[in-house]
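*Asks:* Data: model_4.pdb, PDB, C-alpha atoms, pLDDT in the B column.
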```pdb
ATOM      1  CA  LYS A   1      95.597 109.457  87.341  1.00 59.00           C
ATOM      2  CA  ILE A   2      95.226 105.687  87.204  1.00 68.00           C
ATOM      3  CA  GLU A   3      95.876 104.064  83.832  1.00 65.00           C
ATOM      4  CA  SER A   4      94.306 100.703  83.168  1.00 65.00           C
ATOM      5  CA  GLY A   5      95.809  98.967  80.194  1.00 67.00           C
ATOM      6  CA  ASN A   6      97.052  95.497  79.424  1.00 71.00           C
ATOM      7  CA  ASN A   7      94.937  94.344  82.390  1.00 81.00           C
ATOM      8  CA  THR A   8      97.350  96.271  84.613  1.00 90.00           C
ATOM      9  CA  LEU A   9      96.739  99.289  86.853  1.00 93.00           C
ATOM     10  CA  VAL A  10      99.392 102.009  86.710  1.00 94.00           C
ATOM     11  CA  LEU A  11      99.445 105.097  88.901  1.00 93.00           C
ATOM     12  CA  ARG A  12     100.479 108.006  86.671  1.00 89.00           C
ATOM     13  CA  GLY A  13     100.696 111.743  86.896  1.00 79.00           C
ATOM     14  CA  MET A  14     100.150 112.363  90.593  1.00 84.00           C
ATOM     15  CA  ARG A  15     101.041 115.979  91.273  1.00 88.00           C
ATOM     16  CA  VAL A  16     100.406 118.542  94.003  1.00 90.00           C
ATOM     17  CA  ALA A  17     100.402 122.253  93.182  1.00 92.00           C
ATOM     18  CA  ASP A  18     103.456 124.092  94.527  1.00 92.00           C
ATOM     19  CA  GLN A  19     101.487 126.109  97.090  1.00 93.00           C
ATOM     20  CA  TRP A  20     100.085 122.898  98.642  1.00 90.00           C
ATOM     21  CA  ARG A  21     103.330 120.942  98.911  1.00 88.00           C
ATOM     22  CA  ARG A  22     104.789 119.993 102.301  1.00 89.00           C
ATOM     23  CA  ARG A  23     101.309 120.127 103.894  1.00 92.00           C
ATOM     24  CA  GLY A  24     100.430 116.433 103.735  1.00 91.00           C
ATOM     25  CA  VAL A  25      98.129 116.825 100.736  1.00 94.00           C
ATOM     26  CA  GLY A  26     100.071 114.319  98.632  1.00 91.00           C
ATOM     27  CA  SER A  27     100.073 111.760 101.428  1.00 93.00           C
ATOM     28  CA  GLN A  28      96.317 112.209 101.871  1.00 95.00           C
ATOM     29  CA  MET A  29      95.824 111.706  98.137  1.00 93.00           C
ATOM     30  CA  LEU A  30      98.013 108.621  98.264  1.00 94.00           C
ATOM     31  CA  GLN A  31      95.975 107.177 101.144  1.00 95.00           C
ATOM     32  CA  ALA A  32      92.769 107.772  99.166  1.00 95.00           C
ATOM     33  CA  ILE A  33      94.307 105.967  96.191  1.00 93.00           C
ATOM     34  CA  ALA A  34      95.288 103.056  98.464  1.00 94.00           C
ATOM     35  CA  GLY A  35      91.685 102.808  99.643  1.00 94.00           C
ATOM     36  CA  TRP A  36      90.414 102.814  96.082  1.00 93.00           C
ATOM     37  CA  LEU A  37      92.961 100.185  95.012  1.00 93.00           C
ATOM     38  CA  GLY A  38      92.076  97.901  97.884  1.00 93.00           C
ATOM     39  CA  ALA A  39      93.841  94.583  97.355  1.00 92.00           C
ATOM     40  CA  ARG A  40      94.478  95.136  93.632  1.00 93.00           C
ATOM     41  CA  GLU A  41      97.975  95.130  92.187  1.00 94.00           C
ATOM     42  CA  CYS A  42      99.259  98.444  90.820  1.00 95.00           C
ATOM     43  CA  TYR A  43     102.509  99.797  89.376  1.00 96.00           C
ATOM     44  CA  CYS A  44     104.119 103.211  89.106  1.00 96.00           C
ATOM     45  CA  LEU A  45     107.242 104.722  87.544  1.00 97.00           C
ATOM     46  CA  PRO A  46     108.164 107.522  89.940  1.00 96.00           C
ATOM     47  CA  TYR A  47     111.266 109.632  90.161  1.00 96.00           C
ATOM     48  CA  VAL A  48     113.792 107.895  92.397  1.00 97.00           C
ATOM     49  CA  HIS A  49     113.538 110.608  95.067  1.00 95.00           C
ATOM     50  CA  LEU A  50     109.862 109.616  95.571  1.00 95.00           C
ATOM     51  CA  VAL A  51     110.464 105.934  96.428  1.00 97.00           C
ATOM     52  CA  GLU A  52     109.874 106.488 100.150  1.00 96.00           C
ATOM     53  CA  PHE A  53     106.737 108.526  99.430  1.00 95.00           C
ATOM     54  CA  TYR A  54     105.101 105.747  97.396  1.00 96.00           C
ATOM     55  CA  GLY A  55     106.381 103.214  99.892  1.00 97.00           C
ATOM     56  CA  GLN A  56     103.879 104.698 102.387  1.00 95.00           C
ATOM     57  CA  ILE A  57     101.154 102.561 100.809  1.00 95.00           C
ATOM     58  CA  GLY A  58     103.189  99.466 100.050  1.00 96.00           C
ATOM     59  CA  PHE A  59     104.853 100.202  96.713  1.00 97.00           C
ATOM     60  CA  VAL A  60     108.296  98.581  96.485  1.00 97.00           C
ATOM     61  CA  GLU A  61     110.986  98.923  93.842  1.00 98.00           C
ATOM     62  CA  MET A  62     111.390  96.132  91.343  1.00 97.00           C
ATOM     63  CA  ALA A  63     113.840  95.236  88.609  1.00 97.00           C
ATOM     64  CA  PRO A  64     112.716  96.274  85.124  1.00 96.00           C
ATOM     65  CA  ASN A  65     113.074  92.695  83.869  1.00 96.00           C
ATOM     66  CA  SER A  66     110.487  91.627  86.491  1.00 96.00           C
ATOM     67  CA  ALA A  67     107.927  94.231  85.413  1.00 95.00           C
ATOM     68  CA  PRO A  68     105.269  93.836  82.731  1.00 94.00           C
ATOM     69  CA  SER A  69     106.974  94.326  79.374  1.00 93.00           C
ATOM     70  CA  PHE A  70     105.113  97.529  78.454  1.00 94.00           C
ATOM     71  CA  LEU A  71     106.304  99.129  81.711  1.00 95.00           C
ATOM     72  CA  ALA A  72     109.874  97.930  81.222  1.00 96.00           C
ATOM     73  CA  GLU A  73     109.779  99.504  77.758  1.00 96.00           C
ATOM     74  CA  ARG A  74     108.402 102.775  79.166  1.00 95.00           C
ATOM     75  CA  TRP A  75     111.119 102.740  81.859  1.00 97.00           C
ATOM     76  CA  ALA A  76     113.819 102.167  79.191  1.00 97.00           C
ATOM     77  CA  GLU A  77     112.489 105.107  77.177  1.00 97.00           C
ATOM     78  CA  TYR A  78     112.595 107.331  80.283  1.00 97.00           C
ATOM     79  CA  GLN A  79     116.184 106.194  80.891  1.00 97.00           C
ATOM     80  CA  ARG A  80     117.122 107.156  77.314  1.00 97.00           C
ATOM     81  CA  ARG A  81     115.680 110.598  78.065  1.00 97.00           C
ATOM     82  CA  SER A  82     117.868 110.771  81.225  1.00 97.00           C
ATOM     83  CA  LEU A  83     114.887 110.712  83.592  1.00 97.00           C
ATOM     84  CA  ASN A  84     115.873 109.299  86.986  1.00 97.00           C
ATOM     85  CA  VAL A  85     112.882 106.983  87.488  1.00 97.00           C
ATOM     86  CA  THR A  86     112.341 103.519  88.867  1.00 98.00           C
ATOM     87  CA  ILE A  87     109.609 100.893  88.636  1.00 98.00           C
ATOM     88  CA  MET A  88     107.560 100.149  91.719  1.00 97.00           C
ATOM     89  CA  ALA A  89     104.788  97.653  92.404  1.00 97.00           C
ATOM     90  CA  ARG A  90     102.108  97.363  95.018  1.00 96.00           C
ATOM     91  CA  ARG A  91     101.270  93.687  95.030  1.00 88.00           C
ATOM     92  CA  ALA A  92      97.799  92.269  95.399  1.00 77.00           C
ATOM     93  CA  SER A  93      97.118  91.120  98.924  1.00 69.00           C
TER      94      SER A  93
END
```
Could you spell out this file's structure in structure tokens?
*Replies:*
Amino acid sequence: KIESGNNTLVLRGMRVADQWRRRGVGSQMLQAIAGWLGARECYCLPYVHLVEFYGQIGFVEMAPNSAPSFLAERWAEYQRRSLNVTIMARRAS
């Protein structure tokens, strides 16, 4: 799911059913998303163990204080809930 708010694209809720995991389905979905995004900037707040996965299409970790404020606030709320997430950005090219 791609959220478009505050003039910012955010990749949210990407999930592969258990029976399809470890078969490359997620990577194929990610490549399709990269094609759709083209050169547009996009953010995501994935679990830390997925940093390398999202890095496949150019997402890189960023400091919360460098992110758009609404994402930094969402990240802080996730931290309060003890969710091990990070903020990543795929910069416009």
*Asks:* Check which residues of stretch 48-88 of chain A sit at most 10 Å from stretch 30-34 of chain A using only C-alpha atoms, and return one row each with the closest pair of atoms and their distance in Å to one decimal, ordered by chain and rising number, as JSON lines.
*Replies:*
```
{"residue": "A:Phe53", "atom": "CA", "partner": "A:Leu30", "partner_atom": "CA", "distance": 8.8}
{"residue": "A:Tyr54", "atom": "CA", "partner": "A:Leu30", "partner_atom": "CA", "distance": 7.7}
{"residue": "A:Gln56", "atom": "CA", "partner": "A:Leu30", "partner_atom": "CA", "distance": 8.2}
{"residue": "A:Ile57", "atom": "CA", "partner": "A:Ala34", "partner_atom": "CA", "distance": 6.3}
{"residue": "A:Gly58", "atom": "CA", "partner": "A:Ala34", "partner_atom": "CA", "distance": 8.8}
```
*Asks:* Mind pulling up the distance from atom CA of A:Arg90 to atom CA of A:Glu61?
*Replies:*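 The value is 9.1 Å.
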*Asks:* My list of candidates is A:Leu9, A:Ala67, A:Val48, A:Ala92. Which is closest to A:Gln79 when distances are computed with all atoms listed in the file?
*Replies:*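 Using all atoms listed in the file, A:Gln79 sits closest to A:Val48.
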*Asks:* Between atom CA of A:Glu77 and atom CA of A:Asp18, what is the distance in Å, rounded to a tenth?
*Replies:*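 Taking atom CA of A:Glu77 and atom CA of A:Asp18, their separation equals 27.3 Å.
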*Asks:* May I have the residues within 8 Å of A:Trp75 as a VMD selection string, using only C-alpha atoms and disregarding those fewer than 6 positions away in the same chain?
*Replies:* chain A and resid 45 64 85 to 87
*Asks:* What does the structure give for the distance between atom CA of A:Asn7 and atom CA of A:Tyr78, in Å to one decimal?
*Replies:*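 We find that atom CA of A:Asn7 and atom CA of A:Tyr78 lie 22.0 Å from each other.
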*Asks:* Go through A:Ala72, A:Cys44, A:Ala89, A:Leu37 one by one, measure the shortest atom-to-atom distance of each to A:Gly13 using all atoms listed in the file, and give the residue with the smallest value.
*Replies:* A:Cys44
*Asks:* Centre and edge lengths of an axis-aligned box around all listed atoms of stretch 60-74 of chain A, with 5 Å added on each side, are to be given in Å to one decimal, as AutoDock Vina command-line options.
*Replies:*
```
--center_x 109.5 --center_y 97.2 --center_z 87.1 --size_x 18.7 --size_y 21.1 --size_z 28.7
```
*Asks:* The residues within 12 Å of (109.1, 115.3, 99.2), using all atoms listed in the file and the coordinates of the file, should be reported as a PyMOL selection string; which are they?
*Replies:* chain A and resi 15-16+18+20-27+47-54
